[in-house]
Amino acid sequence: MQFNNNHIKNNLNLLGIIGHPIKHSYSPLMHNLSFEINNLEYIYLPFDVPISELKNAIKGVTALGMTGLNVTVPHKERILPFLHDVSEEASVIGAVNTIHNDNGTLRGYNTDVHGVSVSLEKYKERLSDAEVTVIGAGGGARSVLYSLIRNFRVRRINIVNRTIEKAESLKEYFNAKMHFEKIKTYELTPPDLIEIFSRSTLIVNATAIGMSPDIDDSPTEIPESFNENQIVFDLVYNPIGTKFLSLAQSRGAETVNGLTMLVEQGAKSFEIWTGTEMPKEQILSALKSSIEQE
């Protein structure tokens, strides 16, 4: 069998995403379609990189002359020592999700912050001086906390997590890094949190609870957690309409799904690498179709 490579250009700029596992990622679809629409000579590939091979993988970025990478679980925090320069938000958060190879200088960014900020932008006035609750204490929660403190000037943040020790650690981290002391921590035991949830102007699910295939799960299944005066934001994007958001909608809350954040953080990475804007509306539509067809 003869391989026909006439459609592959020799001068393509190579990009990719590293994680472990990686097969679930929608980033290749998002970026390759964007390159095609914008007629850009780039290609974006997924690379499954175990933790033990992370250092070698980063060496490969410069050795192969790659334009850059996206970084996902479990490498976002571990990758920092291998970079030459890290942006302010990535440094404060302690996590990088985008690398740009700038003529041999590897620069790290956290575009998740941009994704959070754009997703909540229209609620900026309502969130100023508000009490908010963030469910989770991982990398997603870090980006949410940074954005809420830096860009929305919230008054108080409740961190809710299954493991209270991780929530406490995150509280202390942001006390030290951003000098924000109005943080309280709670264990994720929903019946005990109805009052905390119900008085929050914003509730954010920054965990994987409710993600496909576990679509019947939700951080809280108590309808009284929500009300018509709230904004409820779920970082999970598959399914687009999670049980968490459905419950909130049933109580009259305004909801924001994770698909907007996925596209916005990807668009920021795209801009860093190519200097051009991602065709976001077309990408949003394509991703929505792909997720709904699964």
# chains A, B, ... in the order shown; residues from 1 in each chain; ligands from 1
$ residues_around --residues "range 141-151 of chain A" --least-positions-apart "6" --cutoff "10 Å" --atoms "only C-alpha atoms" --output "VMD selection string"
chain A and resid 89 to 90 92 to 95 110 to 118 120 to 121 124 127 to 128 132 to 135 157 159 167 170 to 171 173 to 174 177 to 180 204 to 207 235
$ write_last_selection --atoms "C-alpha atoms" --output "PDB file, in the first residue's frame"
ATOM      1  CA  GLU A  89      -1.500  34.650  36.565  1.00  0.00           C
ATOM      2  CA  ALA A  90       0.197  31.276  36.013  1.00  0.00           C
ATOM      3  CA  VAL A  92       0.203  33.079  41.247  1.00  0.00           C
ATOM      4  CA  ILE A  93      -2.042  30.093  40.504  1.00  0.00           C
ATOM      5  CA  GLY A  94       0.907  27.714  40.321  1.00  0.00           C
ATOM      6  CA  ALA A  95      -0.362  26.043  37.153  1.00  0.00           C
ATOM      7  CA  ASN A 110      -2.793  30.026  32.272  1.00  0.00           C
ATOM      8  CA  THR A 111      -5.589  30.790  29.818  1.00  0.00           C
ATOM      9  CA  ASP A 112      -8.184  29.136  32.083  1.00  0.00           C
ATOM     10  CA  VAL A 113      -8.313  32.469  33.933  1.00  0.00           C
ATOM     11  CA  HIS A 114      -9.325  34.194  30.709  1.00  0.00           C
ATOM     12  CA  GLY A 115     -11.970  31.503  30.146  1.00  0.00           C
ATOM     13  CA  VAL A 116     -13.473  32.055  33.593  1.00  0.00           C
ATOM     14  CA  SER A 117     -13.388  35.836  33.287  1.00  0.00           C
ATOM     15  CA  VAL A 118     -15.104  35.945  29.882  1.00  0.00           C
ATOM     16  CA  LEU A 120     -18.721  35.599  33.921  1.00  0.00           C
ATOM     17  CA  GLU A 121     -18.061  39.033  32.382  1.00  0.00           C
ATOM     18  CA  LYS A 124     -19.371  41.716  36.847  1.00  0.00           C
ATOM     19  CA  LEU A 127     -20.391  39.867  41.635  1.00  0.00           C
ATOM     20  CA  SER A 128     -18.650  42.959  42.949  1.00  0.00           C
ATOM     21  CA  VAL A 132     -19.547  33.333  46.242  1.00  0.00           C
ATOM     22  CA  THR A 133     -19.031  29.582  46.654  1.00  0.00           C
ATOM     23  CA  VAL A 134     -16.510  27.472  44.751  1.00  0.00           C
ATOM     24  CA  ILE A 135     -16.878  23.686  44.838  1.00  0.00           C
ATOM     25  CA  ILE A 157     -15.369  33.141  49.021  1.00  0.00           C
ATOM     26  CA  ILE A 159     -14.411  26.818  49.285  1.00  0.00           C
ATOM     27  CA  ALA A 167      -9.748  23.295  50.888  1.00  0.00           C
ATOM     28  CA  LEU A 170      -6.058  26.372  49.057  1.00  0.00           C
ATOM     29  CA  LYS A 171      -7.353  28.983  51.496  1.00  0.00           C
ATOM     30  CA  TYR A 173      -2.323  29.558  49.528  1.00  0.00           C
ATOM     31  CA  PHE A 174      -4.538  32.453  48.354  1.00  0.00           C
ATOM     32  CA  LYS A 177      -0.319  34.757  47.330  1.00  0.00           C
ATOM     33  CA  MET A 178      -3.088  37.330  46.852  1.00  0.00           C
ATOM     34  CA  HIS A 179      -3.538  38.635  50.404  1.00  0.00           C
ATOM     35  CA  PHE A 180      -7.215  37.716  50.279  1.00  0.00           C
ATOM     36  CA  VAL A 204     -19.182  27.389  40.716  1.00  0.00           C
ATOM     37  CA  ASN A 205     -18.641  23.660  40.241  1.00  0.00           C
ATOM     38  CA  ALA A 206     -14.896  23.376  39.629  1.00  0.00           C
ATOM     39  CA  THR A 207     -14.830  19.584  39.997  1.00  0.00           C
ATOM     40  CA  LEU A 235     -16.871  24.008  34.442  1.00  0.00           C
TER      41      LEU A 235
END
$ residues_around --residues "range 33-46 of chain A" --least-positions-apart "4" --cutoff "10 Å" --atoms "only C-alpha atoms" --output "PyMOL selection string"
chain A and resi 8-19+21-29+67-70+267+270+273-274+276-280+282-283+286
$ closest_residue --among "A:Thr242, A:Ser198, A:Asn257, A:Thr62" --to "Ser225 in chain A" --atoms "only C-alpha atoms"
A:Ser198
$ select_by_dssp --residues "range 128-271 of chain A" --states "alpha helix (DSSP H)" --output "PyMOL selection string"
chain A and resi 139-151+164-178+194-198+243-250+258-271
$ select_by_dssp --residues "range 3-92 of chain A" --states "strand (DSSP E)" --output "list in words"
Asn13, Leu14, Leu15, Gly16, Ile17, Ile18, Gly19, Tyr42, Ile43, Tyr44, Leu45, Pro46, Phe47, Asp48, Gly68, Leu69, Asn70, Val71, Asp85 and Val86 of chain A
$ decode --residues "range 148-173 of chain A" --atoms "N, CA and C atoms" --output "compact mmCIF listing (two decimals), in the first residue's frame"
# COMPACT_ATOMS: atom_id res chain seq x y z
N LEU A 148 -11.90 35.47 40.36
CA LEU A 148 -12.89 36.12 41.24
C LEU A 148 -12.25 37.21 42.09
N ILE A 149 -11.04 36.93 42.57
CA ILE A 149 -10.34 37.92 43.42
C ILE A 149 -9.80 39.08 42.59
N ARG A 150 -9.15 38.77 41.49
CA ARG A 150 -8.46 39.79 40.70
C ARG A 150 -9.41 40.58 39.81
N ASN A 151 -10.35 39.89 39.17
CA ASN A 151 -11.15 40.55 38.14
C ASN A 151 -12.57 40.91 38.56
N PHE A 152 -13.08 40.32 39.63
CA PHE A 152 -14.47 40.56 40.01
C PHE A 152 -14.64 41.18 41.40
N ARG A 153 -13.56 41.28 42.14
CA ARG A 153 -13.58 41.97 43.44
C ARG A 153 -14.68 41.46 44.36
N VAL A 154 -14.78 40.15 44.46
CA VAL A 154 -15.80 39.59 45.36
C VAL A 154 -15.44 39.88 46.82
N ARG A 155 -16.46 39.84 47.67
CA ARG A 155 -16.25 40.16 49.09
C ARG A 155 -15.78 38.95 49.89
N ARG A 156 -16.38 37.79 49.59
CA ARG A 156 -16.08 36.61 50.39
C ARG A 156 -16.22 35.37 49.52
N ILE A 157 -15.34 34.39 49.78
CA ILE A 157 -15.37 33.14 49.02
C ILE A 157 -15.47 31.96 49.98
N ASN A 158 -16.42 31.07 49.69
CA ASN A 158 -16.51 29.80 50.40
C ASN A 158 -15.91 28.71 49.50
N ILE A 159 -14.96 27.96 50.02
CA ILE A 159 -14.41 26.82 49.28
C ILE A 159 -14.99 25.55 49.88
N VAL A 160 -15.67 24.78 49.04
CA VAL A 160 -16.31 23.53 49.48
C VAL A 160 -15.61 22.37 48.79
N ASN A 161 -15.19 21.39 49.56
CA ASN A 161 -14.48 20.26 48.96
C ASN A 161 -14.72 19.00 49.77
N ARG A 162 -14.65 17.86 49.08
CA ARG A 162 -14.83 16.58 49.78
C ARG A 162 -13.77 16.39 50.86
N THR A 163 -12.53 16.82 50.55
CA THR A 163 -11.45 16.72 51.53
C THR A 163 -11.19 18.11 52.09
N ILE A 164 -11.56 18.33 53.34
CA ILE A 164 -11.45 19.66 53.94
C ILE A 164 -10.01 20.14 54.02
N GLU A 165 -9.07 19.19 54.14
CA GLU A 165 -7.65 19.58 54.22
C GLU A 165 -7.18 20.27 52.93
N LYS A 166 -7.66 19.79 51.79
CA LYS A 166 -7.29 20.42 50.51
C LYS A 166 -7.89 21.82 50.40
N ALA A 167 -9.11 21.97 50.88
CA ALA A 167 -9.75 23.29 50.89
C ALA A 167 -8.98 24.26 51.79
N GLU A 168 -8.55 23.78 52.95
CA GLU A 168 -7.77 24.61 53.88
C GLU A 168 -6.44 25.02 53.25
N SER A 169 -5.81 24.08 52.56
CA SER A 169 -4.53 24.36 51.91
C SER A 169 -4.69 25.44 50.84
N LEU A 170 -5.79 25.37 50.09
CA LEU A 170 -6.06 26.37 49.06
C LEU A 170 -6.35 27.74 49.68
N LYS A 171 -7.07 27.74 50.76
CA LYS A 171 -7.35 28.98 51.50
C LYS A 171 -6.05 29.66 51.92
N GLU A 172 -5.16 28.90 52.53
CA GLU A 172 -3.88 29.44 52.99
C GLU A 172 -3.04 29.93 51.82
N TYR A 173 -3.10 29.19 50.72
CA TYR A 173 -2.32 29.56 49.53
C TYR A 173 -2.74 30.94 49.01
